[in-house]
>>> print(open('protein.cif').read())   # mmCIF, C-alpha atoms and all ligand atoms
data_run
loop_
_atom_site.label_atom_id
_atom_site.label_comp_id
_atom_site.auth_asym_id
_atom_site.auth_seq_id
_atom_site.Cartn_x
_atom_site.Cartn_y
_atom_site.Cartn_z
CA MET A 365 3.28 44.46 -24.01
CA THR A 366 3.79 41.71 -21.39
CA LYS A 367 3.13 38.24 -22.83
CA ILE A 368 2.07 35.37 -20.61
CA MET A 369 1.90 31.65 -21.39
CA GLY A 370 -1.03 29.96 -19.63
CA ALA A 371 -4.38 31.13 -18.26
CA GLY A 372 -4.37 29.21 -14.97
CA PRO A 373 -4.49 30.93 -11.58
CA ALA A 374 -0.83 31.99 -11.87
CA GLY A 375 -1.02 33.49 -15.37
CA LEU A 376 -4.27 35.31 -14.61
CA CYS A 377 -3.10 36.72 -11.28
CA ALA A 378 0.08 38.03 -12.93
CA ALA A 379 -1.92 39.54 -15.82
CA ILE A 380 -4.35 41.35 -13.51
CA ASN A 381 -1.58 42.89 -11.44
CA ILE A 382 0.37 44.04 -14.48
CA ALA A 383 -2.76 45.45 -16.15
CA LYS A 384 -3.61 47.33 -12.94
CA ALA A 385 -0.23 49.04 -13.24
CA GLY A 386 -1.43 50.43 -16.59
CA ARG A 387 0.49 48.10 -18.87
CA GLU A 388 -0.75 46.07 -21.84
CA VAL A 389 -0.92 42.32 -21.26
CA LYS A 390 -1.71 39.35 -23.48
CA ILE A 391 -2.26 35.75 -22.36
CA PHE A 392 -1.78 32.78 -24.69
CA GLU A 393 -3.78 29.72 -23.63
CA MET A 394 -3.56 26.39 -25.42
CA ARG A 395 -7.12 25.37 -24.54
CA SER A 396 -10.23 26.90 -26.11
CA ASP A 397 -11.37 28.68 -22.92
CA VAL A 398 -10.38 29.40 -19.34
CA GLY A 399 -11.32 26.75 -16.76
CA MET A 400 -10.91 23.77 -19.06
CA ARG A 401 -7.97 22.13 -17.33
CA PHE A 402 -10.26 20.63 -14.71
CA HIS A 403 -13.71 19.14 -14.64
CA PRO A 404 -15.46 21.40 -12.05
CA ASN A 405 -14.18 20.28 -8.64
CA LEU A 406 -13.35 21.73 -5.25
CA GLN A 407 -9.75 22.34 -4.19
CA GLY A 408 -8.53 23.38 -0.75
CA LEU A 409 -6.67 26.62 -0.09
CA LYS A 410 -3.95 26.22 2.48
CA ASP A 411 -2.48 28.87 4.79
CA VAL A 412 -4.77 31.65 3.63
CA GLY A 413 -6.61 32.57 6.83
CA ASN A 414 -9.59 34.52 5.55
CA PRO A 415 -9.61 33.84 1.78
CA GLU A 416 -11.31 37.17 0.90
CA ASP A 417 -8.53 39.08 2.70
CA TYR A 418 -5.94 36.85 1.09
CA MET A 419 -7.25 37.73 -2.39
CA LYS A 420 -7.12 41.43 -1.47
CA GLU A 421 -3.47 41.06 -0.46
CA LEU A 422 -2.82 39.60 -3.90
CA ASN A 423 -4.64 42.58 -5.46
CA ILE A 424 -7.18 40.32 -7.18
CA ASN A 425 -10.94 40.05 -6.89
CA PRO A 426 -12.17 36.88 -8.57
CA LYS A 427 -15.67 37.20 -7.04
CA THR A 428 -15.58 33.48 -6.34
CA GLY A 429 -17.54 32.03 -3.47
CA PHE A 430 -15.51 29.99 -1.00
CA ARG A 431 -16.93 26.78 0.42
CA TYR A 432 -16.53 25.47 3.96
CA PHE A 433 -17.42 22.16 5.50
CA SER A 434 -18.18 21.92 9.18
CA ARG A 435 -17.35 18.21 9.56
CA ALA A 436 -14.65 15.87 8.31
CA PHE A 437 -14.55 12.11 8.27
CA PHE A 438 -10.95 11.23 8.96
CA GLY A 439 -9.70 7.76 8.13
CA THR A 440 -6.44 5.97 8.71
CA ARG A 441 -5.72 2.33 7.99
CA LYS A 442 -7.00 1.43 11.45
CA ARG A 443 -10.03 3.60 12.09
CA ASP A 444 -12.51 6.20 10.85
CA ILE A 445 -13.58 9.13 13.01
CA GLU A 446 -15.76 12.17 12.49
CA LEU A 447 -14.39 15.56 13.51
CA ASP A 448 -15.72 19.07 13.93
CA ILE A 449 -13.49 21.30 11.76
CA GLY A 450 -15.13 24.70 12.12
CA LYS A 451 -13.92 26.95 9.30
CA SER A 452 -10.36 25.73 9.20
CA MET A 453 -10.22 24.89 5.49
CA PRO A 454 -11.66 27.05 2.68
CA PHE A 455 -12.32 25.36 -0.67
CA VAL A 456 -12.68 26.98 -4.05
CA VAL A 457 -14.15 25.71 -7.33
CA ARG A 458 -11.62 24.78 -10.01
CA GLY A 459 -12.72 24.21 -13.59
CA GLY A 460 -15.81 25.57 -15.36
CA LYS A 461 -17.52 28.95 -15.28
CA GLU A 462 -17.95 29.14 -11.51
CA SER A 463 -14.26 28.59 -10.89
CA LEU A 464 -11.52 30.69 -9.35
CA GLU A 465 -9.80 30.92 -12.73
CA TYR A 466 -13.01 32.00 -14.52
CA GLY A 467 -13.57 34.72 -11.91
CA LEU A 468 -10.02 35.93 -12.52
CA TYR A 469 -10.61 35.76 -16.28
CA ARG A 470 -13.62 38.10 -15.96
CA GLU A 471 -11.57 40.53 -13.88
CA ALA A 472 -8.72 40.41 -16.42
CA LEU A 473 -11.13 41.08 -19.32
CA ASP A 474 -12.53 44.13 -17.46
CA LEU A 475 -8.98 45.43 -17.17
CA GLY A 476 -8.38 45.07 -20.91
CA VAL A 477 -6.14 41.98 -20.82
CA GLU A 478 -6.06 40.33 -24.26
CA PHE A 479 -6.51 36.58 -24.68
CA GLU A 480 -5.53 34.27 -27.50
CA PHE A 481 -7.06 30.81 -27.09
CA ASN A 482 -6.15 27.57 -28.88
CA SER A 483 -2.65 28.95 -28.83
CA ARG A 484 -0.01 26.45 -27.74
CA ILE A 485 3.06 28.63 -27.81
CA THR A 486 6.67 28.07 -26.85
CA LYS A 487 8.48 29.88 -24.08
CA ASP A 488 10.55 31.88 -26.55
CA GLY A 489 7.99 34.57 -27.19
CA VAL A 490 6.77 35.21 -23.62
CA ASP A 491 7.81 37.20 -20.56
CA ILE A 492 6.02 35.01 -18.00
CA VAL A 493 5.77 31.22 -18.12
CA ALA A 494 2.63 30.16 -16.23
CA ALA A 495 1.99 26.94 -18.09
CA GLY A 496 1.62 24.58 -15.12
CA HIS A 497 3.44 21.27 -14.71
CA GLY A 498 4.97 21.25 -18.21
CA GLY A 499 4.81 17.46 -18.42
CA THR A 500 6.84 16.79 -15.28
CA CYS A 501 5.05 14.32 -13.03
CA ASP A 502 6.23 14.17 -9.44
CA ALA A 503 2.76 13.36 -8.11
CA ALA A 504 -0.65 12.66 -9.62
CA ALA A 505 -4.31 12.69 -8.66
CA LEU A 506 -7.21 10.82 -10.20
CA GLY A 507 -10.73 12.07 -9.50
CA MET A 508 -14.11 10.49 -10.17
CA VAL A 509 -17.44 12.29 -9.97
CA PHE A 510 -20.46 10.37 -8.67
CA GLU A 511 -24.12 11.29 -8.77
CA ASP A 512 -26.97 10.64 -6.34
CA THR A 513 -24.97 9.61 -3.30
CA ASP A 514 -26.16 10.25 0.25
CA PHE A 515 -22.75 11.61 1.30
CA PRO A 516 -23.53 14.53 3.67
CA ARG A 517 -23.26 17.98 2.07
CA ASP A 518 -21.66 19.61 5.13
CA ALA A 519 -18.69 17.25 5.37
CA PHE A 520 -15.67 15.94 3.51
CA LEU A 521 -13.74 12.74 4.00
CA ILE A 522 -9.99 12.24 3.98
CA ILE A 523 -8.21 8.88 4.26
CA PHE A 524 -4.54 8.14 4.79
CA ASP A 525 -4.09 4.49 3.87
CA ASP A 526 -0.93 3.28 2.15
CA ARG A 527 -2.71 0.32 0.62
CA TYR A 528 -4.40 2.77 -1.77
CA SER A 529 -2.36 6.00 -1.52
CA PRO A 530 1.27 5.07 -0.86
CA LYS A 531 3.32 6.41 0.87
CA GLY A 532 1.59 8.80 3.21
CA TRP A 533 -0.61 10.28 0.43
CA TYR A 534 -4.36 10.34 0.73
CA SER A 535 -7.74 10.01 -0.90
CA TYR A 536 -10.79 12.18 -0.26
CA ILE A 537 -14.47 12.67 -0.95
CA VAL A 538 -15.82 16.21 -1.30
CA PRO A 539 -19.41 17.12 -2.24
CA ILE A 540 -19.32 19.48 -5.20
CA SER A 541 -23.03 20.16 -5.61
CA ASP A 542 -26.38 19.00 -4.29
CA ASP A 543 -26.28 15.86 -6.40
CA ARG A 544 -22.57 15.24 -7.03
CA VAL A 545 -19.48 14.26 -5.05
CA GLU A 546 -15.91 13.74 -6.15
CA PHE A 547 -13.65 10.92 -4.99
CA VAL A 548 -9.98 11.73 -5.55
CA ASN A 549 -6.90 9.62 -4.91
CA CYS A 550 -3.39 11.10 -4.81
CA VAL A 551 0.01 9.41 -5.01
CA SER A 552 3.54 10.45 -5.81
CA GLN A 553 6.12 8.74 -7.99
CA PRO A 554 6.99 5.87 -8.26
CA HIS A 555 3.36 4.86 -7.64
CA VAL A 556 1.77 6.99 -10.36
CA PRO A 557 1.54 4.16 -12.95
CA LEU A 558 -0.59 2.24 -10.41
CA LEU A 559 -2.92 5.13 -9.64
CA ARG A 560 -6.00 3.91 -11.51
CA LYS A 561 -5.70 0.40 -10.10
CA LEU A 562 -5.20 1.70 -6.54
CA THR A 563 -8.18 4.04 -6.85
CA GLU A 564 -10.47 1.24 -8.08
CA LYS A 565 -9.16 -0.92 -5.23
CA ALA A 566 -10.01 1.77 -2.64
CA LEU A 567 -13.51 2.05 -4.12
CA GLN A 568 -14.01 -1.69 -3.82
CA GLU A 569 -12.28 -2.38 -0.51
CA ARG A 570 -12.35 0.61 1.79
CA LYS A 571 -15.56 0.20 3.74
CA ILE A 572 -16.38 3.86 4.38
CA VAL A 573 -15.83 4.76 0.70
CA ARG A 574 -17.85 1.80 -0.49
CA GLY A 575 -20.62 2.73 1.92
CA PHE A 576 -21.04 6.11 0.23
CA LEU A 577 -20.21 5.30 -3.40
CA ASP A 578 -20.95 1.64 -4.10
CA GLY A 579 -23.46 1.29 -6.93
CA LYS A 580 -23.59 5.06 -7.55
CA LYS A 581 -23.39 6.47 -11.05
CA LYS A 582 -19.92 7.62 -12.11
CA VAL A 583 -20.45 10.60 -14.41
CA ALA A 584 -16.94 11.93 -15.01
CA THR A 585 -13.27 11.39 -14.31
CA PHE A 586 -10.57 14.03 -14.10
CA GLY A 587 -7.05 14.29 -12.84
CA GLY A 588 -3.66 15.68 -13.39
CA VAL A 589 -0.07 15.72 -12.34
CA GLY A 590 2.09 17.99 -10.24
CA ASN A 591 5.58 19.38 -10.77
CA VAL A 592 7.60 19.96 -7.60
CA SER A 593 11.08 21.42 -7.48
CA VAL A 594 13.48 23.58 -5.53
CA PRO A 595 14.68 25.81 -8.35
CA LYS A 596 17.96 27.68 -8.10
CA THR A 597 16.34 30.48 -10.05
CA ALA A 598 12.86 31.13 -11.45
CA PHE A 599 14.10 33.92 -13.72
CA ILE A 600 15.69 32.25 -16.74
CA ASN A 601 16.65 33.98 -19.99
CA ASN A 602 14.72 37.07 -18.93
CA ARG A 603 11.57 35.01 -18.37
CA TYR A 604 9.69 34.77 -15.09
CA TYR A 605 8.53 31.25 -14.17
CA VAL A 606 5.51 31.28 -11.87
CA GLY A 607 3.26 28.70 -10.20
CA GLU A 608 3.79 25.08 -11.04
CA ALA A 609 5.87 25.98 -14.09
CA ALA A 610 8.56 26.96 -11.58
CA GLY A 611 7.97 23.85 -9.46
CA PHE A 612 6.16 25.84 -6.75
CA GLN A 613 3.96 23.02 -5.50
CA ASP A 614 3.47 21.36 -2.15
CA PRO A 615 5.14 17.92 -2.04
CA PHE A 616 3.32 17.04 1.19
CA MET A 617 -0.35 17.48 0.24
CA GLY A 618 -0.25 18.72 -3.39
CA PHE A 619 -1.74 22.13 -2.56
CA GLY A 620 -0.28 24.41 -5.24
CA ILE A 621 -2.89 27.16 -5.72
CA THR A 622 -1.59 29.55 -3.10
CA TYR A 623 1.98 29.18 -4.38
CA ALA A 624 0.74 29.82 -7.93
CA LEU A 625 -1.09 33.02 -6.95
CA LYS A 626 1.64 34.32 -4.68
CA SER A 627 4.52 33.75 -7.07
CA ALA A 628 2.51 35.37 -9.88
CA LYS A 629 1.89 38.50 -7.80
CA MET A 630 5.63 38.63 -7.05
CA ALA A 631 6.59 38.30 -10.73
CA ALA A 632 4.13 41.09 -11.60
CA ASP A 633 5.61 43.33 -8.89
CA ALA A 634 9.10 42.51 -10.16
CA ILE A 635 8.15 43.50 -13.71
CA VAL A 636 6.31 46.68 -12.74
CA ASN A 637 8.72 47.91 -10.07
CA GLY A 638 12.00 46.33 -11.13
CA TYR A 639 12.23 44.15 -8.01
CA ASP A 640 14.39 41.03 -7.77
CA TYR A 641 11.93 38.15 -8.32
CA ASP A 642 14.30 35.40 -7.14
CA ALA A 643 14.97 37.24 -3.89
CA MET A 644 11.21 37.68 -3.35
CA TRP A 645 10.12 34.05 -3.74
CA LYS A 646 13.14 32.79 -1.85
CA ARG A 647 12.13 35.02 1.05
CA GLU A 648 8.38 34.35 1.04
CA ILE A 649 7.64 31.06 -0.74
CA MET A 650 10.64 28.91 0.02
CA PRO A 651 10.26 28.93 3.85
CA ARG A 652 6.71 27.56 3.47
CA MET A 653 7.75 25.00 0.88
CA ARG A 654 10.64 23.94 3.10
CA LYS A 655 8.04 22.90 5.70
CA ASP A 656 6.25 20.83 3.04
CA PHE A 657 9.48 19.07 2.08
CA ALA A 658 10.36 18.50 5.74
CA ARG A 659 6.97 16.83 6.25
CA ARG A 660 7.22 14.74 3.09
CA PHE A 661 10.48 13.09 4.17
CA PRO A 662 9.22 11.22 7.28
CA VAL A 663 5.89 10.48 5.66
CA SER A 664 7.62 8.94 2.63
CA ILE A 665 9.50 6.64 5.03
CA PHE A 666 6.84 5.82 7.64
CA GLY A 667 3.75 6.25 5.43
CA ASP A 668 0.29 6.16 6.99
CA ALA A 669 1.74 5.33 10.44
CA LEU A 670 2.46 9.05 10.91
CA PRO A 671 -1.07 10.42 10.33
CA GLU A 672 -2.23 7.61 12.59
CA MET A 673 0.18 8.79 15.29
CA PHE A 674 -0.72 12.49 14.99
CA MET A 675 -4.44 11.75 15.03
CA ARG A 676 -4.33 9.22 17.87
CA LYS A 677 -5.42 11.76 20.47
CA TYR A 678 -8.62 12.66 18.56
CA ARG A 679 -11.96 10.96 19.13
CA SER A 680 -15.17 11.28 17.11
CA GLY A 681 -16.83 14.63 17.78
CA ASP A 682 -13.57 16.40 18.76
CA ARG A 683 -12.84 19.86 17.40
CA ILE A 684 -9.78 20.09 15.16
CA ASP A 685 -7.99 22.82 13.22
CA PHE A 686 -6.22 21.07 10.37
CA GLN A 687 -3.54 23.77 10.28
CA ASP A 688 -2.50 22.76 13.83
CA VAL A 689 -2.38 18.98 13.53
CA ILE A 690 1.37 18.86 12.98
CA PRO A 691 3.24 20.70 15.72
CA SER A 692 5.25 23.64 14.42
CA SER A 693 6.92 24.70 17.62
CA PHE A 694 8.99 22.52 19.90
CA PRO A 695 12.59 22.86 21.03
CA LEU A 696 14.93 22.69 18.03
CA TYR A 697 11.94 22.70 15.61
CA ASN A 698 13.82 24.86 13.12
CA VAL A 699 16.86 22.59 13.21
CA ALA A 700 14.67 19.50 12.72
CA GLU A 701 12.87 21.16 9.82
CA PHE A 702 16.11 22.15 8.13
CA VAL A 703 17.57 18.65 8.49
CA LEU A 704 14.40 16.95 7.18
CA PHE A 705 14.25 19.39 4.24
CA ARG A 706 17.87 18.59 3.33
CA LEU A 707 17.21 14.85 3.65
CA GLU A 708 14.21 15.10 1.34
CA VAL A 709 16.24 17.00 -1.27
CA LEU A 710 19.00 14.39 -0.96
CA LYS A 711 16.47 11.57 -1.30
CA LYS A 712 15.14 13.13 -4.51
CA ARG A 713 18.68 13.44 -5.85
CA LEU A 714 19.46 9.79 -5.09
CA THR A 715 16.15 8.12 -6.01
CA GLY A 716 14.56 10.59 -8.42
CA PHE A 717 11.40 10.69 -6.26
CA TRP A 718 10.05 13.15 -3.72
C1 LIG A 801 -6.73 16.54 -9.26
C2 LIG A 801 -5.99 17.69 -8.64
C3 LIG A 801 -6.42 18.19 -7.42
C4 LIG A 801 -5.74 19.28 -6.86
N1 LIG A 801 -6.18 19.77 -5.64
C5 LIG A 801 -5.59 20.85 -5.11
C6 LIG A 801 -6.05 21.41 -3.89
O1 LIG A 801 -6.98 20.88 -3.26
N2 LIG A 801 -5.46 22.54 -3.44
C7 LIG A 801 -4.44 23.15 -4.11
O2 LIG A 801 -3.92 24.20 -3.65
N3 LIG A 801 -3.94 22.61 -5.25
C8 LIG A 801 -4.49 21.50 -5.76
N4 LIG A 801 -4.02 20.98 -6.93
C9 LIG A 801 -2.87 21.65 -7.57
C10 LIG A 801 -3.33 22.93 -8.30
O3 LIG A 801 -4.42 22.63 -9.13
C11 LIG A 801 -2.16 23.50 -9.13
O4 LIG A 801 -1.03 23.61 -8.30
C12 LIG A 801 -2.50 24.87 -9.71
O5 LIG A 801 -3.54 24.77 -10.65
C13 LIG A 801 -1.27 25.47 -10.41
O6 LIG A 801 -1.65 26.67 -11.04
P1 LIG A 801 -0.83 27.21 -12.31
O7 LIG A 801 -1.51 28.46 -12.73
O8 LIG A 801 0.62 27.25 -11.98
O9 LIG A 801 -0.99 26.09 -13.43
P2 LIG A 801 -2.30 25.49 -14.14
O10 LIG A 801 -3.49 25.61 -13.27
O11 LIG A 801 -1.89 24.12 -14.58
O12 LIG A 801 -2.53 26.40 -15.41
C14 LIG A 801 -1.65 26.33 -16.51
C15 LIG A 801 -2.38 26.82 -17.75
O13 LIG A 801 -1.42 26.90 -18.81
C16 LIG A 801 -1.98 26.34 -19.97
N5 LIG A 801 -0.86 25.89 -20.83
C17 LIG A 801 -0.03 24.84 -20.62
N6 LIG A 801 0.89 24.77 -21.61
C18 LIG A 801 0.63 25.79 -22.46
C19 LIG A 801 1.23 26.23 -23.69
N7 LIG A 801 2.28 25.61 -24.25
N8 LIG A 801 0.72 27.34 -24.30
C20 LIG A 801 -0.37 27.98 -23.76
N9 LIG A 801 -0.98 27.58 -22.62
C21 LIG A 801 -0.48 26.51 -21.97
C22 LIG A 801 -2.87 25.21 -19.46
O14 LIG A 801 -3.87 24.88 -20.40
C23 LIG A 801 -3.46 25.86 -18.20
O15 LIG A 801 -4.64 26.57 -18.47
C24 LIG A 801 -4.62 19.87 -7.51
C25 LIG A 801 -4.17 19.34 -8.73
C26 LIG A 801 -4.83 18.25 -9.27
C27 LIG A 801 -4.30 17.68 -10.58
#
>>> encode(input="protein.cif", output="structure tokens")
Amino acid sequence: MTKIMGAGPAGLCAAINIAKAGREVKIFEMRSDVGMRFHPNLQGLKDVGNPEDYMKELNINPKTGFRYFSRAFFGTRKRDIELDIGKSMPFVVRGGKESLEYGLYREALDLGVEFEFNSRITKDGVDIVAAGHGGTCDAAALGMVFEDTDFPRDAFLIIFDDRYSPKGWYSYIVPISDDRVEFVNCVSQPHVPLLRKLTEKALQERKIVRGFLDGKKKVATFGGVGNVSVPKTAFINNRYYVGEAAGFQDPFMGFGITYALKSAKMAADAIVNGYDYDAMWKREIMPRMRKDFARRFPVSIFGDALPEMFMRKYRSGDRIDFQDVIPSSFPLYNVAEFVLFRLEVLKKRLTGFW
């Protein structure tokens, strides 16, 4: 029997793929149910193209609806504009019974995967570690849910402003239902201890945020931390580390779901077919993460001046594809990316911070 620690997206995706190969699987989850890590909220899926096709590639079928917003309010320190974003960013529910993880849970149950809840186990007894950040905090996000706001339901808002989200991180508002929106602020270390204060400050000071949320009823708060690393190996003592437990997280925007799902599928394939897991993630995940690290380095130095620069050419009403905002092809792009990646890794080694 394959034993897995953690029923997040990574643990569930691994379990489903192993069960589909006809093997017995058991997941140990420290919480009392799936979907309890987050208060229900929407999280973006990056680099997936069509999310339904992406799930098929991963051999999973969570039967989760994806959400799109046709407009985005984009803010920098100096200005706020409204853009037409088409379908460039799918969102998925995290937390609760409508979530991605709950959809995966149902699929896993149908395949006969066993679950043991309220079971905080150690790594010793498992084959796959899918336990998330494991207490390491390289970045953190604080979210607040508000009721009865007139924030439009077909839009989200994203703001790059170092006064509230240093350095080069961001805050956002996303509508999560007809009567609720979430306001989330993200920062990386060493600013994490200030996160609550900075978030309150943004709510009080940033005009566009205040305009939508001032005086509205706050009904919940949620949040969490992220673990980012460049592991030498994710196969330690015969155990496969997947998702954030391995440090597969995006140090640029904090988008870890696709890394969690992809690495889990790879670990499952490695177990079922005897493939080399380290070789697989180094080939398919690391090149994408290298881009994230390469982007984090200049942003951690120049902060919100960079989003301002990249967005300068856009005016309200313009069409934008968020995947194309940062150029990914110019002469010597690969060399620049490699150098920036190395500098970011060096910076982490010297300062302790991404
Ligand atoms: C506020 C916030 C917003 C985010 N927004 C986005 C976004 O928009 N897009 C995106 O791609 N990513 C986003 N992320 C990151 C994303 O949520 C994570 O990268 C992703 O959930 C990682 O999946 P995982 O399966 O590796 O770990 P997790 O989702 O953390 O799942 C780990 C599971 O293991 C369980 N567990 C932990 N320890 C034990 C133990 N000892 N025994 C048993 N079970 C254990 C936990 O209870 C949990 O259920 C966000 C994160 C936060 C905090």
>>> atom_distance(input="protein.cif", atom1="atom CA of A:Lys596", atom2="atom CA of A:Met617")
22.6 Å
>>> closest_residue(input="protein.cif", among="A:Val398, A:Lys461, A:Lys410, A:Arg387", to="A:Gly620", atoms="all atoms listed in the file")
A:Lys410
>>> atom_distance(input="protein.cif", atom1="atom C27 of ligand LIG 801 (chain A)", atom2="atom CA of A:Phe619")
9.5 Å
>>> atom_distance(input="protein.cif", atom1="atom CA of A:Asp542", atom2="atom CA of A:Arg517")
7.2 Å
>>> closest_residue(input="protein.cif", among="A:Glu701, A:Asp668, A:Asp514, A:Asp474", to="A:Tyr528", atoms="only C-alpha atoms")
A:Asp668
>>> residues_near_ligand(input="protein.cif", ligand="ligand LIG 801 (chain A)", cutoff="7 Å", atoms="all atoms listed in the file", output="ChimeraX atom specification")
/A:369-375,392-395,398-401,406-410,483-486,494-498,504-507,548,586-590,606-609,613,618-622,624
>>> closest_residue(input="protein.cif", among="A:Ile540, A:Arg654, A:Phe510, A:Ala634", to="A:Gly579", atoms="all atoms listed in the file")
A:Phe510
>>> closest_residue(input="protein.cif", among="A:His403, A:Pro695, A:Glu480, A:Leu704", to="A:Ala584", atoms="only C-alpha atoms")
A:His403
>>> residues_around(input="protein.cif", residues="A:Met653", least_positions_apart="3", cutoff="8 Å", atoms="all atoms listed in the file", output="count of residues only")
7
>>> build_atoms(input="protein.cif", residues="stretch 396-417 of chain A", atoms="N, CA and C atoms", output="PDB file, in the coordinates of the input")
ATOM      1  N   SER A 396      -9.332  25.994 -25.392  1.00  0.00           N
ATOM      2  CA  SER A 396     -10.230  26.900 -26.110  1.00  0.00           C
ATOM      3  C   SER A 396     -10.937  27.894 -25.185  1.00  0.00           C
ATOM      4  N   ASP A 397     -10.749  27.748 -23.876  1.00  0.00           N
ATOM      5  CA  ASP A 397     -11.370  28.680 -22.920  1.00  0.00           C
ATOM      6  C   ASP A 397     -10.617  28.577 -21.597  1.00  0.00           C
ATOM      7  N   VAL A 398     -10.923  29.487 -20.699  1.00  0.00           N
ATOM      8  CA  VAL A 398     -10.380  29.400 -19.340  1.00  0.00           C
ATOM      9  C   VAL A 398     -11.200  28.355 -18.573  1.00  0.00           C
ATOM     10  N   GLY A 399     -10.563  27.683 -17.618  1.00  0.00           N
ATOM     11  CA  GLY A 399     -11.320  26.750 -16.760  1.00  0.00           C
ATOM     12  C   GLY A 399     -11.514  25.386 -17.386  1.00  0.00           C
ATOM     13  N   MET A 400     -10.717  25.068 -18.408  1.00  0.00           N
ATOM     14  CA  MET A 400     -10.910  23.770 -19.060  1.00  0.00           C
ATOM     15  C   MET A 400      -9.881  22.735 -18.629  1.00  0.00           C
ATOM     16  N   ARG A 401      -8.947  23.132 -17.753  1.00  0.00           N
ATOM     17  CA  ARG A 401      -7.970  22.130 -17.330  1.00  0.00           C
ATOM     18  C   ARG A 401      -8.635  21.092 -16.438  1.00  0.00           C
ATOM     19  N   PHE A 402      -9.612  21.553 -15.645  1.00  0.00           N
ATOM     20  CA  PHE A 402     -10.260  20.630 -14.710  1.00  0.00           C
ATOM     21  C   PHE A 402     -11.744  20.507 -15.005  1.00  0.00           C
ATOM     22  N   HIS A 403     -12.276  19.313 -14.791  1.00  0.00           N
ATOM     23  CA  HIS A 403     -13.710  19.140 -14.640  1.00  0.00           C
ATOM     24  C   HIS A 403     -14.062  19.913 -13.356  1.00  0.00           C
ATOM     25  N   PRO A 404     -15.205  20.638 -13.274  1.00  0.00           N
ATOM     26  CA  PRO A 404     -15.460  21.400 -12.050  1.00  0.00           C
ATOM     27  C   PRO A 404     -15.281  20.549 -10.796  1.00  0.00           C
ATOM     28  N   ASN A 405     -14.424  21.005  -9.891  1.00  0.00           N
ATOM     29  CA  ASN A 405     -14.180  20.280  -8.640  1.00  0.00           C
ATOM     30  C   ASN A 405     -13.769  21.278  -7.576  1.00  0.00           C
ATOM     31  N   LEU A 406     -13.729  20.822  -6.340  1.00  0.00           N
ATOM     32  CA  LEU A 406     -13.350  21.730  -5.250  1.00  0.00           C
ATOM     33  C   LEU A 406     -11.914  21.450  -4.828  1.00  0.00           C
ATOM     34  N   GLN A 407     -11.134  22.495  -4.662  1.00  0.00           N
ATOM     35  CA  GLN A 407      -9.750  22.340  -4.190  1.00  0.00           C
ATOM     36  C   GLN A 407      -9.535  23.210  -2.962  1.00  0.00           C
ATOM     37  N   GLY A 408      -8.762  22.681  -2.021  1.00  0.00           N
ATOM     38  CA  GLY A 408      -8.530  23.380  -0.750  1.00  0.00           C
ATOM     39  C   GLY A 408      -7.474  24.468  -0.880  1.00  0.00           C
ATOM     40  N   LEU A 409      -7.669  25.537  -0.115  1.00  0.00           N
ATOM     41  CA  LEU A 409      -6.670  26.620  -0.090  1.00  0.00           C
ATOM     42  C   LEU A 409      -5.943  26.546   1.242  1.00  0.00           C
ATOM     43  N   LYS A 410      -4.634  26.350   1.199  1.00  0.00           N
ATOM     44  CA  LYS A 410      -3.950  26.220   2.480  1.00  0.00           C
ATOM     45  C   LYS A 410      -3.296  27.537   2.895  1.00  0.00           C
ATOM     46  N   ASP A 411      -3.207  27.726   4.207  1.00  0.00           N
ATOM     47  CA  ASP A 411      -2.480  28.870   4.790  1.00  0.00           C
ATOM     48  C   ASP A 411      -2.996  30.217   4.336  1.00  0.00           C
ATOM     49  N   VAL A 412      -4.288  30.363   4.112  1.00  0.00           N
ATOM     50  CA  VAL A 412      -4.770  31.650   3.630  1.00  0.00           C
ATOM     51  C   VAL A 412      -5.467  32.468   4.714  1.00  0.00           C
ATOM     52  N   GLY A 413      -5.795  31.836   5.841  1.00  0.00           N
ATOM     53  CA  GLY A 413      -6.610  32.570   6.830  1.00  0.00           C
ATOM     54  C   GLY A 413      -7.948  32.868   6.190  1.00  0.00           C
ATOM     55  N   ASN A 414      -8.344  34.138   6.215  1.00  0.00           N
ATOM     56  CA  ASN A 414      -9.590  34.520   5.550  1.00  0.00           C
ATOM     57  C   ASN A 414      -9.326  34.670   4.042  1.00  0.00           C
ATOM     58  N   PRO A 415      -9.969  33.824   3.207  1.00  0.00           N
ATOM     59  CA  PRO A 415      -9.610  33.840   1.780  1.00  0.00           C
ATOM     60  C   PRO A 415      -9.924  35.162   1.074  1.00  0.00           C
ATOM     61  N   GLU A 416     -10.998  35.875   1.528  1.00  0.00           N
ATOM     62  CA  GLU A 416     -11.310  37.170   0.900  1.00  0.00           C
ATOM     63  C   GLU A 416     -10.149  38.156   1.134  1.00  0.00           C
ATOM     64  N   ASP A 417      -9.658  38.184   2.394  1.00  0.00           N
ATOM     65  CA  ASP A 417      -8.530  39.080   2.700  1.00  0.00           C
ATOM     66  C   ASP A 417      -7.284  38.668   1.923  1.00  0.00           C
TER      67      ASP A 417
END
